[in-house]
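Undergrad: This is the structure I have questions about; it appears just below.
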Amino acid sequence: MKKIFLALSIYLISFGSLSALIEVDITRGNLDPLPIAVSPLHVDIKSVEYKDVKVKELGNNISAIIEKNFKNTGLFNPLKKEAFVQKPDIAHLKPRFEDWRLIKAQALVTGKLLVKDGKLKVEFRLWDLTAAKEMTALAFTTTPSNWRRVAHIISDKIYERLTGEEGYFDTRIIYVSESGPKEERVKKLAIMDQDGANTKYLTLGNELVLTPRFNPTNQMVTYLSYFRNMPRVYLLDIETGMQEVVGNFPGMTFAPRFSPDGKKIIMSFAEDGNSDIYTMDLETRVVERITNHSSIDTSPSFSPDGKFIVFNSDRSGLQQIYVMRSDGSDVKRVTFGKGIYGTPVWSPRGDLIAFTKVRKGRFYIGVMRVDGTGERLLTENFYQEAPSWSPNGRVLVFYRETKSGAKGEGFSAKLWSIDITGYNERKLSTKTDASDPSWSSLLSK
């Protein structure tokens with residue numbers, strides 16, 4: 001499959017050997033965000049205006065996106081530009097470290113850009129102000145229309161250098177866009193950058209669509225749709241817009257999801273009032289039944305290595321979470337807390353499982369270790385579910401329904417994100433109501 005975006009060429013200018021400035025502890029929130037200064041990108045005097053591109057404005061926009069990305073993590077505190085005392089061009093060549101330390105900055109991002117011959121070239125440097133040394137320097141060459149992706153890739157590189165973890169900014173989120181009254185919702189597939197930009201609608205809303213899920217290896221999506229009240233599982237190529245029906249199922253199908261290698265989909269299929277878990281090989285279309293139980297088994301999700309499957313089932317009476325081997329053997333119940341558990345999804349790190357929990361009429365998004373120990377409830381609300389992991393396994397996106405008005409007559413559904421520490425909960429910007437989010441892998445991989 002060809003790349004969805006125009007190619008970026010990246011080359012390393014230099015790379016320091018300093019240790020990371022901060023270490024992210026996933027067991028607690030970062031209560032003291034790192035003060036970081038993001039200098040506006042200096043525009044090279046060789047730059048020329050290219051079509052409708054305003055070069056100086058482009059430099060400001062790139063630095064603004066980097067700053068916003070850092071702010072949204074909750075790990076960094078971007079300092080106000082009014083406090084900067086050094087011009088961007090001079091700072092990029094060699095900062096006066098003592099001047100930046102005066103405004104309490106511990107890290108500094110500088111850069112410059114050049115637009116010439118239809119190409120955009122962006123350089124950036126990351127400086128350790130405490131040690132007074134350069135940490136990282138990279139340059140990117142692409143087309144001017146790709147400037148937003150450049151900002152996200154720079155953010156990823158800096159995030160990785162400072163935290164020791166892979167970033168998640170050059171990613172997208174697919175979701176179900178909702179409009180209209182609650183009883184007559186129009187639902188379309190929509191996709192956007194992780195910061196809410198570049199929203200595109202992928203279906204027309206003529207048919208009900210549910211549970212879109214990204215392929216971990218590319219920009220392919222699987223989702224469930226109803227055609228003349230018949231559930232169908234689809235594959236959709238985000239780049240080309242081509243879609244195909246994986247299968248028509250006379251019963252009820254739930255939550256198709258890809259295997260880690262992207263070669264299979266796993267789903268639950270209900271027949272005669274009973275639901276079991278099946279896989280389908282996407283090349284041969286061979287269907288394999290994984291569970292065969294009189295209870296309702298649903299919401300399966302593979303472990304990152306493909307060796308295990310987590311799912312929920314009511315085989316113990318109430319709906320709980322179970323783990324089994326990928327062939328359906330060695331089934332073990334892993335949740336024993338009070339309440340009902342559902343929508344489990346394995347972290348891309350392999351160390352945690354996210355889930356939805358319902359207890360006493362309240363909905364929780366939580367995480368636990370893969371054996372069910374260490375359960376932590378991150379957020380509580382009237383109604384929320386369907387967590388999806390960022391590709392680095394640090395952040396969860398989910399959707400939340402809220403009532404409004406004194407009698408609860410109003411209604412909205414929005415996407416929210418939260419760190420696995422339970423900190424930095426925030427609402428994502430979408431043009432419409434939204435549900436069923438799924439986070440892509442890094443586009444730059």
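Residues in the structure tokens are numbered from 1 in each chain, the chains being A, B, ... in the order shown, and ligands are numbered from 1 in the order shown.
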From a DSSP calculation on the backbone, collect every residue of segment 201-422 of chain A in strand (DSSP E or B) and output the set as a ChimeraX atom specification.

TA: /A:201,209-214,220-227,230-237,243-248,252-258,264-271,274-281,287-289,297-302,308-313,320-325,332-333,340-346,352-359,362-369,376-381,383-389,395-404,410-419

Undergrad: Within 10 Å of Pro344 of chain A, counting only C-alpha atoms, which residues show up once you throw out same-chain ones fewer than 5 positions away? Write them as a PyMOL selection string, please.

TA: chain A and resi 298-302+309-312+320-322+353-357+366-367+386-388

Undergrad: Would you export the selected residues with C-alpha atoms as a CSV table (one decimal), in the first residue's frame, please?

TA:
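Below is the file that was written, again-v4.csv:
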```
chain,number,residue,atom,x,y,z
A,298,THR,CA,-18.1,-10.4,22.7
A,299,SER,CA,-15.7,-7.4,22.3
A,300,PRO,CA,-12.5,-9.4,21.5
A,301,SER,CA,-9.1,-7.7,21.3
A,302,PHE,CA,-5.7,-9.3,20.5
A,309,ILE,CA,-7.2,-12.5,23.2
A,310,VAL,CA,-9.1,-10.5,25.8
A,311,PHE,CA,-12.9,-10.4,25.7
A,312,ASN,CA,-15.9,-10.0,27.9
A,320,GLN,CA,-16.7,-9.9,33.2
A,321,ILE,CA,-13.4,-9.8,31.3
A,322,TYR,CA,-11.6,-13.0,30.3
A,353,ILE,CA,-5.9,-3.7,29.4
A,354,ALA,CA,-8.3,-0.7,29.2
A,355,PHE,CA,-12.0,-1.3,29.9
A,356,THR,CA,-15.4,0.2,30.6
A,357,LYS,CA,-17.0,-0.6,34.0
A,366,GLY,CA,-10.2,2.1,33.7
A,367,VAL,CA,-7.0,0.2,33.2
A,386,ALA,CA,-15.2,2.5,24.1
A,387,PRO,CA,-11.6,3.4,25.1
A,388,SER,CA,-8.9,3.3,22.4
```

Undergrad: Env of Leu34 of chain A: 10 Å cut, atoms = only C-alpha atoms, seq-sep filter 4 positions within chain, self excluded. Answer as a PDB file with N, CA and C atoms, in the first residue's frame.

TA:
```pdb
ATOM      1  N   LEU A  21      15.649  14.651  29.880  1.00  0.00           N
ATOM      2  CA  LEU A  21      15.432  15.665  30.902  1.00  0.00           C
ATOM      3  C   LEU A  21      14.403  15.221  31.919  1.00  0.00           C
ATOM      4  N   ILE A  22      13.378  14.522  31.469  1.00  0.00           N
ATOM      5  CA  ILE A  22      12.353  14.044  32.389  1.00  0.00           C
ATOM      6  C   ILE A  22      12.104  12.574  32.132  1.00  0.00           C
ATOM      7  N   ASN A  30       2.312  13.750  36.063  1.00  0.00           N
ATOM      8  CA  ASN A  30       3.437  14.658  36.163  1.00  0.00           C
ATOM      9  C   ASN A  30       2.912  15.991  36.696  1.00  0.00           C
ATOM     10  N   PHE A  70       2.524  20.018  22.864  1.00  0.00           N
ATOM     11  CA  PHE A  70       3.164  19.872  24.170  1.00  0.00           C
ATOM     12  C   PHE A  70       2.195  20.199  25.297  1.00  0.00           C
ATOM     13  N   GLY A  74      -0.005  17.605  28.971  1.00  0.00           N
ATOM     14  CA  GLY A  74       0.005  17.803  30.412  1.00  0.00           C
ATOM     15  C   GLY A  74       1.380  17.633  31.026  1.00  0.00           C
ATOM     16  N   LEU A  75       2.364  17.230  30.203  1.00  0.00           N
ATOM     17  CA  LEU A  75       3.723  17.007  30.702  1.00  0.00           C
ATOM     18  C   LEU A  75       4.611  18.231  30.563  1.00  0.00           C
ATOM     19  N   PHE A  76       4.183  19.177  29.715  1.00  0.00           N
ATOM     20  CA  PHE A  76       5.013  20.334  29.407  1.00  0.00           C
ATOM     21  C   PHE A  76       4.241  21.629  29.646  1.00  0.00           C
ATOM     22  N   ASN A  77       4.967  22.657  29.976  1.00  0.00           N
ATOM     23  CA  ASN A  77       4.399  23.985  30.170  1.00  0.00           C
ATOM     24  C   ASN A  77       5.060  24.952  29.204  1.00  0.00           C
ATOM     25  N   PRO A  78       4.505  25.126  27.983  1.00  0.00           N
ATOM     26  CA  PRO A  78       5.094  26.066  27.019  1.00  0.00           C
ATOM     27  C   PRO A  78       5.020  27.498  27.557  1.00  0.00           C
ATOM     28  N   LEU A  79       6.137  28.187  27.531  1.00  0.00           N
ATOM     29  CA  LEU A  79       6.209  29.538  28.082  1.00  0.00           C
ATOM     30  C   LEU A  79       5.728  30.562  27.063  1.00  0.00           C
ATOM     31  N   LYS A 104      12.948  30.757  33.399  1.00  0.00           N
ATOM     32  CA  LYS A 104      12.669  29.454  34.015  1.00  0.00           C
ATOM     33  C   LYS A 104      12.512  28.322  32.997  1.00  0.00           C
ATOM     34  N   ALA A 105      12.921  28.546  31.741  1.00  0.00           N
ATOM     35  CA  ALA A 105      12.847  27.481  30.746  1.00  0.00           C
ATOM     36  C   ALA A 105      13.929  26.444  31.011  1.00  0.00           C
ATOM     37  N   GLN A 106      13.571  25.181  30.839  1.00  0.00           N
ATOM     38  CA  GLN A 106      14.550  24.104  30.970  1.00  0.00           C
ATOM     39  C   GLN A 106      14.910  23.480  29.625  1.00  0.00           C
ATOM     40  N   ALA A 107      14.021  23.636  28.641  1.00  0.00           N
ATOM     41  CA  ALA A 107      14.283  23.140  27.287  1.00  0.00           C
ATOM     42  C   ALA A 107      13.855  24.218  26.298  1.00  0.00           C
ATOM     43  N   LEU A 162      12.799  13.836  25.064  1.00  0.00           N
ATOM     44  CA  LEU A 162      12.662  14.343  26.423  1.00  0.00           C
ATOM     45  C   LEU A 162      12.085  13.323  27.394  1.00  0.00           C
TER      46      LEU A 162
END
```

Undergrad: Could you name the residues that touch Phe169 of chain A at 10 Å or less, counting only C-alpha atoms, but leaving out those on the same chain fewer than 4 positions away, as a count of residues only?

TA: 20

Undergrad: Need to verify the contact set: Leu129 of chain A, 9 Å, only C-alpha atoms, exclusion of same-chain residues closer than 3 positions in sequence. Can you return it as number ranges by chain?

TA: A: 95, 97-98, 100-101, 105-108, 132-134

Undergrad: With C-alpha atoms retained, could you export that selection as an mmCIF file, in the first residue's frame?

TA:
```
data_model
loop_
_atom_site.group_PDB
_atom_site.id
_atom_site.type_symbol
_atom_site.label_atom_id
_atom_site.label_comp_id
_atom_site.auth_asym_id
_atom_site.auth_seq_id
_atom_site.Cartn_x
_atom_site.Cartn_y
_atom_site.Cartn_z
ATOM 1 C CA PRO A 95 21.089 30.441 22.313
ATOM 2 C CA PHE A 97 21.449 29.976 27.689
ATOM 3 C CA GLU A 98 21.485 32.301 30.688
ATOM 4 C CA TRP A 100 16.448 31.529 28.628
ATOM 5 C CA ARG A 101 17.120 30.243 32.120
ATOM 6 C CA ALA A 105 12.847 27.481 30.746
ATOM 7 C CA GLN A 106 14.550 24.104 30.970
ATOM 8 C CA ALA A 107 14.283 23.140 27.287
ATOM 9 C CA LEU A 108 14.249 25.255 24.129
ATOM 10 C CA ALA A 132 23.793 24.436 27.915
ATOM 11 C CA LYS A 133 24.011 21.862 25.107
ATOM 12 C CA GLU A 134 22.196 20.859 21.953
#
```

Undergrad: As a PyMOL selection string, please: the residues near segment 277-279 of chain A (cut-off 6 Å, only C-alpha atoms, same-chain neighbours under 3 positions excluded).

TA: chain A and resi 265-268+287-291

Undergrad: Have a look at A:Ser417, A:Ser412, A:Thr379, A:Thr136 and name the one nearest to Val397 of chain A; count only C-alpha atoms.

TA: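 Result for the nearest residue to Val397 of chain A: A:Ser417.
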
Undergrad: Could you pull out the residues in segment 26-234 of chain A that DSSP calls helix (DSSP H, G or I) from the backbone, as a PyMOL selection string?

TA: chain A and resi 55-73+81-83+88-93+97-102+144-163+182-184

Undergrad: Using Å and a single decimal, report how far atom CA of Tyr399 of chain A sits from atom CA of Gln319 of chain A.

TA: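 Atom CA of Gln319 of chain A sits 20.6 Å away from atom CA of Tyr399 of chain A.
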
Undergrad: Measuring atom to atom with only C-alpha atoms, identify which of A:Ile90, A:Val395, A:Leu113, A:Val286 is nearest to Leu352 of chain A.

TA: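 Counting only C-alpha atoms, the residue closest to Leu352 of chain A is A:Val395.
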
Undergrad: For Ser347 of chain A, which of A:Phe363, A:Pro216, A:Arg426, A:Gly247 is the closest residue, counting only C-alpha atoms?

TA: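 Selected residue with least distance to Ser347 of chain A: A:Pro216.
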